Amino acid sequence: MNKFLKWQNQDDSSKHRVLALVIGALIFPITIPVLLVVVLPHVDNYFGISPFFSGLSNIIIGIIAIIIGGIVAIWTIVIQVTLASGTPFPMLPTKKLLIVGPFKFCRNPMTLGTIFAYGGIAILIGSFTALLAVAIFAALLIGYLKMIEEKELEMRFGSEYIEYKKKTSFIIPITIVRIDSKN
(Lines give C-alpha, C1' and ligand atoms only; values in the text may rest on other atoms or scores of the structure.)
Protein backbone atom coordinates (compact mmCIF):
# COMPACT_ATOMS: atom_id res chain seq x y z
CA MET A 1 0.00 0.00 0.00
CA ASN A 2 2.92 2.36 0.51
CA LYS A 3 3.51 2.23 -3.26
CA PHE A 4 0.17 3.92 -3.78
CA LEU A 5 1.14 6.79 -1.50
CA LYS A 6 4.47 7.10 -3.29
CA TRP A 7 2.71 7.15 -6.68
CA GLN A 8 0.25 9.79 -5.49
CA ASN A 9 2.99 12.04 -4.13
CA GLN A 10 5.28 11.82 -7.15
CA ASP A 11 5.35 14.79 -9.46
CA ASP A 12 3.80 13.47 -12.67
CA SER A 13 4.47 15.43 -15.77
CA SER A 14 1.87 15.78 -18.48
CA LYS A 15 4.22 13.72 -20.64
CA HIS A 16 3.88 10.73 -18.29
CA ARG A 17 0.09 11.01 -18.23
CA VAL A 18 -0.09 11.23 -22.02
CA LEU A 19 2.22 8.21 -22.38
CA ALA A 20 0.08 6.20 -19.93
CA LEU A 21 -3.08 7.14 -21.82
CA VAL A 22 -1.52 6.15 -25.17
CA ILE A 23 -0.46 2.77 -23.77
CA GLY A 24 -3.91 2.33 -22.26
CA ALA A 25 -5.48 3.26 -25.61
CA LEU A 26 -3.50 0.49 -27.28
CA ILE A 27 -4.64 -2.09 -24.73
CA PHE A 28 -8.22 -1.33 -23.73
CA PRO A 29 -10.03 0.07 -26.80
CA ILE A 30 -7.90 -1.79 -29.37
CA THR A 31 -6.24 -5.01 -28.17
CA ILE A 32 -9.02 -6.36 -25.96
CA PRO A 33 -11.79 -5.73 -28.54
CA VAL A 34 -9.63 -7.41 -31.21
CA LEU A 35 -9.26 -10.39 -28.89
CA LEU A 36 -13.03 -10.47 -28.35
CA VAL A 37 -13.92 -10.10 -32.03
CA VAL A 38 -11.17 -12.04 -33.79
CA VAL A 39 -9.71 -14.64 -31.43
CA LEU A 40 -12.55 -15.77 -29.15
CA PRO A 41 -15.08 -16.62 -31.91
CA HIS A 42 -12.42 -19.06 -33.20
CA VAL A 43 -12.41 -20.63 -29.73
CA ASP A 44 -16.20 -21.02 -30.03
CA ASN A 45 -15.73 -22.72 -33.39
CA TYR A 46 -12.97 -24.97 -32.07
CA PHE A 47 -15.23 -26.26 -29.29
CA GLY A 48 -18.29 -26.45 -31.54
CA ILE A 49 -20.15 -23.67 -29.73
CA SER A 50 -22.73 -22.04 -31.98
CA PRO A 51 -22.96 -18.26 -31.92
CA PHE A 52 -26.03 -16.77 -30.25
CA PHE A 53 -26.46 -14.27 -33.06
CA SER A 54 -30.14 -13.61 -33.65
CA GLY A 55 -29.88 -10.76 -36.08
CA LEU A 56 -31.05 -7.25 -35.40
CA SER A 57 -31.45 -7.68 -31.63
CA ASN A 58 -27.75 -8.53 -31.22
CA ILE A 59 -26.80 -5.54 -33.32
CA ILE A 60 -29.06 -3.07 -31.50
CA ILE A 61 -28.23 -4.26 -27.97
CA GLY A 62 -24.52 -4.59 -28.76
CA ILE A 63 -24.17 -1.15 -30.33
CA ILE A 64 -26.16 0.57 -27.57
CA ALA A 65 -23.99 -1.10 -24.89
CA ILE A 66 -20.78 -0.19 -26.74
CA ILE A 67 -21.86 3.45 -27.11
CA ILE A 68 -23.02 3.82 -23.49
CA GLY A 69 -19.91 2.06 -22.17
CA GLY A 70 -17.61 4.09 -24.40
CA ILE A 71 -19.17 7.40 -23.38
CA VAL A 72 -18.93 6.55 -19.66
CA ALA A 73 -15.31 5.37 -20.01
CA ILE A 74 -14.20 8.43 -22.00
CA TRP A 75 -16.06 10.78 -19.64
CA THR A 76 -14.29 9.14 -16.70
CA ILE A 77 -10.85 9.53 -18.27
CA VAL A 78 -11.47 13.18 -19.19
CA ILE A 79 -12.56 13.97 -15.62
CA GLN A 80 -9.53 12.18 -14.14
CA VAL A 81 -7.07 13.99 -16.40
CA THR A 82 -8.60 17.46 -16.35
CA LEU A 83 -9.90 17.80 -12.79
CA ALA A 84 -7.54 15.62 -10.77
CA SER A 85 -4.24 15.51 -12.70
CA GLY A 86 -4.33 11.73 -12.89
CA THR A 87 -5.17 8.74 -15.03
CA PRO A 88 -7.13 5.50 -14.60
CA PHE A 89 -3.82 3.73 -13.90
CA PRO A 90 -2.67 3.13 -10.30
CA MET A 91 0.88 4.30 -11.10
CA LEU A 92 -0.42 7.74 -12.12
CA PRO A 93 -3.38 8.21 -9.76
CA THR A 94 -5.59 11.20 -9.36
CA LYS A 95 -4.34 13.79 -6.90
CA LYS A 96 -7.75 14.37 -5.38
CA LEU A 97 -10.88 12.33 -4.74
CA LEU A 98 -13.31 12.70 -7.61
CA ILE A 99 -16.99 12.93 -6.69
CA VAL A 100 -18.23 14.85 -9.74
CA GLY A 101 -19.20 13.88 -13.27
CA PRO A 102 -19.65 10.12 -13.60
CA PHE A 103 -18.30 9.68 -10.06
CA LYS A 104 -21.54 11.23 -8.73
CA PHE A 105 -23.44 8.16 -9.88
CA CYS A 106 -21.08 5.34 -8.86
CA ARG A 107 -17.59 4.98 -7.41
CA ASN A 108 -16.27 2.98 -10.38
CA PRO A 109 -17.67 4.45 -13.60
CA MET A 110 -14.61 3.34 -15.61
CA THR A 111 -15.30 -0.28 -14.69
CA LEU A 112 -18.99 0.13 -15.47
CA GLY A 113 -18.24 1.65 -18.88
CA THR A 114 -15.62 -0.98 -19.71
CA ILE A 115 -17.90 -3.89 -18.81
CA PHE A 116 -20.75 -2.36 -20.81
CA ALA A 117 -18.57 -1.79 -23.89
CA TYR A 118 -16.90 -5.22 -23.83
CA GLY A 119 -20.22 -6.93 -23.09
CA GLY A 120 -21.72 -5.04 -26.02
CA ILE A 121 -18.97 -6.33 -28.30
CA ALA A 122 -19.58 -9.92 -27.16
CA ILE A 123 -23.34 -9.55 -27.72
CA LEU A 124 -22.84 -7.86 -31.10
CA ILE A 125 -20.78 -10.79 -32.42
CA GLY A 126 -22.81 -13.41 -30.53
CA SER A 127 -19.83 -15.22 -29.02
CA PHE A 128 -20.34 -17.22 -25.82
CA THR A 129 -16.58 -17.41 -25.26
CA ALA A 130 -16.27 -13.63 -25.62
CA LEU A 131 -19.15 -13.17 -23.18
CA LEU A 132 -17.47 -15.56 -20.74
CA ALA A 133 -14.17 -13.69 -21.12
CA VAL A 134 -15.95 -10.40 -20.35
CA ALA A 135 -17.55 -11.96 -17.26
CA ILE A 136 -14.17 -13.26 -16.05
CA PHE A 137 -12.53 -9.89 -16.76
CA ALA A 138 -15.34 -8.12 -14.85
CA ALA A 139 -15.00 -10.48 -11.87
CA LEU A 140 -11.23 -9.98 -11.72
CA LEU A 141 -11.58 -6.22 -12.04
CA ILE A 142 -14.25 -6.02 -9.35
CA GLY A 143 -12.12 -8.24 -7.09
CA TYR A 144 -9.18 -5.86 -7.56
CA LEU A 145 -11.37 -2.85 -6.78
CA LYS A 146 -12.77 -4.42 -3.61
CA MET A 147 -9.57 -5.97 -2.26
CA ILE A 148 -6.96 -3.38 -3.27
CA GLU A 149 -8.25 -0.11 -4.70
CA GLU A 150 -10.86 0.63 -2.02
CA LYS A 151 -8.24 0.16 0.72
CA GLU A 152 -5.80 2.33 -1.21
CA LEU A 153 -8.36 5.12 -1.67
CA GLU A 154 -9.28 4.97 2.01
CA MET A 155 -5.58 5.24 2.90
CA ARG A 156 -5.01 8.19 0.54
CA PHE A 157 -8.21 10.15 1.14
CA GLY A 158 -9.29 9.01 4.62
CA SER A 159 -12.66 10.14 5.95
CA GLU A 160 -13.48 11.98 2.72
CA TYR A 161 -13.45 8.63 0.84
CA ILE A 162 -15.31 6.81 3.65
CA GLU A 163 -18.15 9.37 3.46
CA TYR A 164 -18.20 9.17 -0.34
CA LYS A 165 -18.30 5.37 -0.13
CA LYS A 166 -21.31 5.51 2.21
CA LYS A 167 -23.24 7.80 -0.13
CA THR A 168 -22.32 6.42 -3.56
CA SER A 169 -22.96 2.95 -4.99
CA PHE A 170 -20.03 0.72 -5.87
CA ILE A 171 -20.65 0.13 -9.57
CA ILE A 172 -24.36 0.13 -10.41
CA PRO A 173 -25.57 3.76 -10.46
CA ILE A 174 -28.57 3.44 -8.17
CA THR A 175 -29.74 6.31 -6.05
CA ILE A 176 -31.20 5.09 -2.81
CA VAL A 177 -33.90 7.39 -1.58
CA ARG A 178 -33.83 7.62 2.21
CA ILE A 179 -37.10 8.46 3.85
CA ASP A 180 -36.68 10.68 6.85
CA SER A 181 -38.90 9.35 9.63
CA LYS A 182 -39.42 12.89 10.99
CA ASN A 183 -41.40 14.00 7.93
# chains A, B, ... in the order shown; residues from 1 in each chain; ligands from 1
call {"tool": "residues_around", "arguments": {"residues": "Leu56 of chain A", "least_positions_apart": "6", "cutoff": "12 Å", "atoms": "only C-alpha atoms", "output": "count of residues only"}}
result
6
call {"tool": "residues_around", "arguments": {"residues": "segment 154-159 of chain A", "least_positions_apart": "3", "cutoff": "7 Å", "atoms": "only C-alpha atoms", "output": "ChimeraX atom specification"}}
result
/A:5,97,150-151,162-163
call {"tool": "select_by_dssp", "arguments": {"residues": "chain A", "states": "helix (DSSP H, G or I)", "output": "number ranges by chain"}}
result
A: 2-9, 14-46, 56-84, 101-104, 109-125, 128-157, 159-167
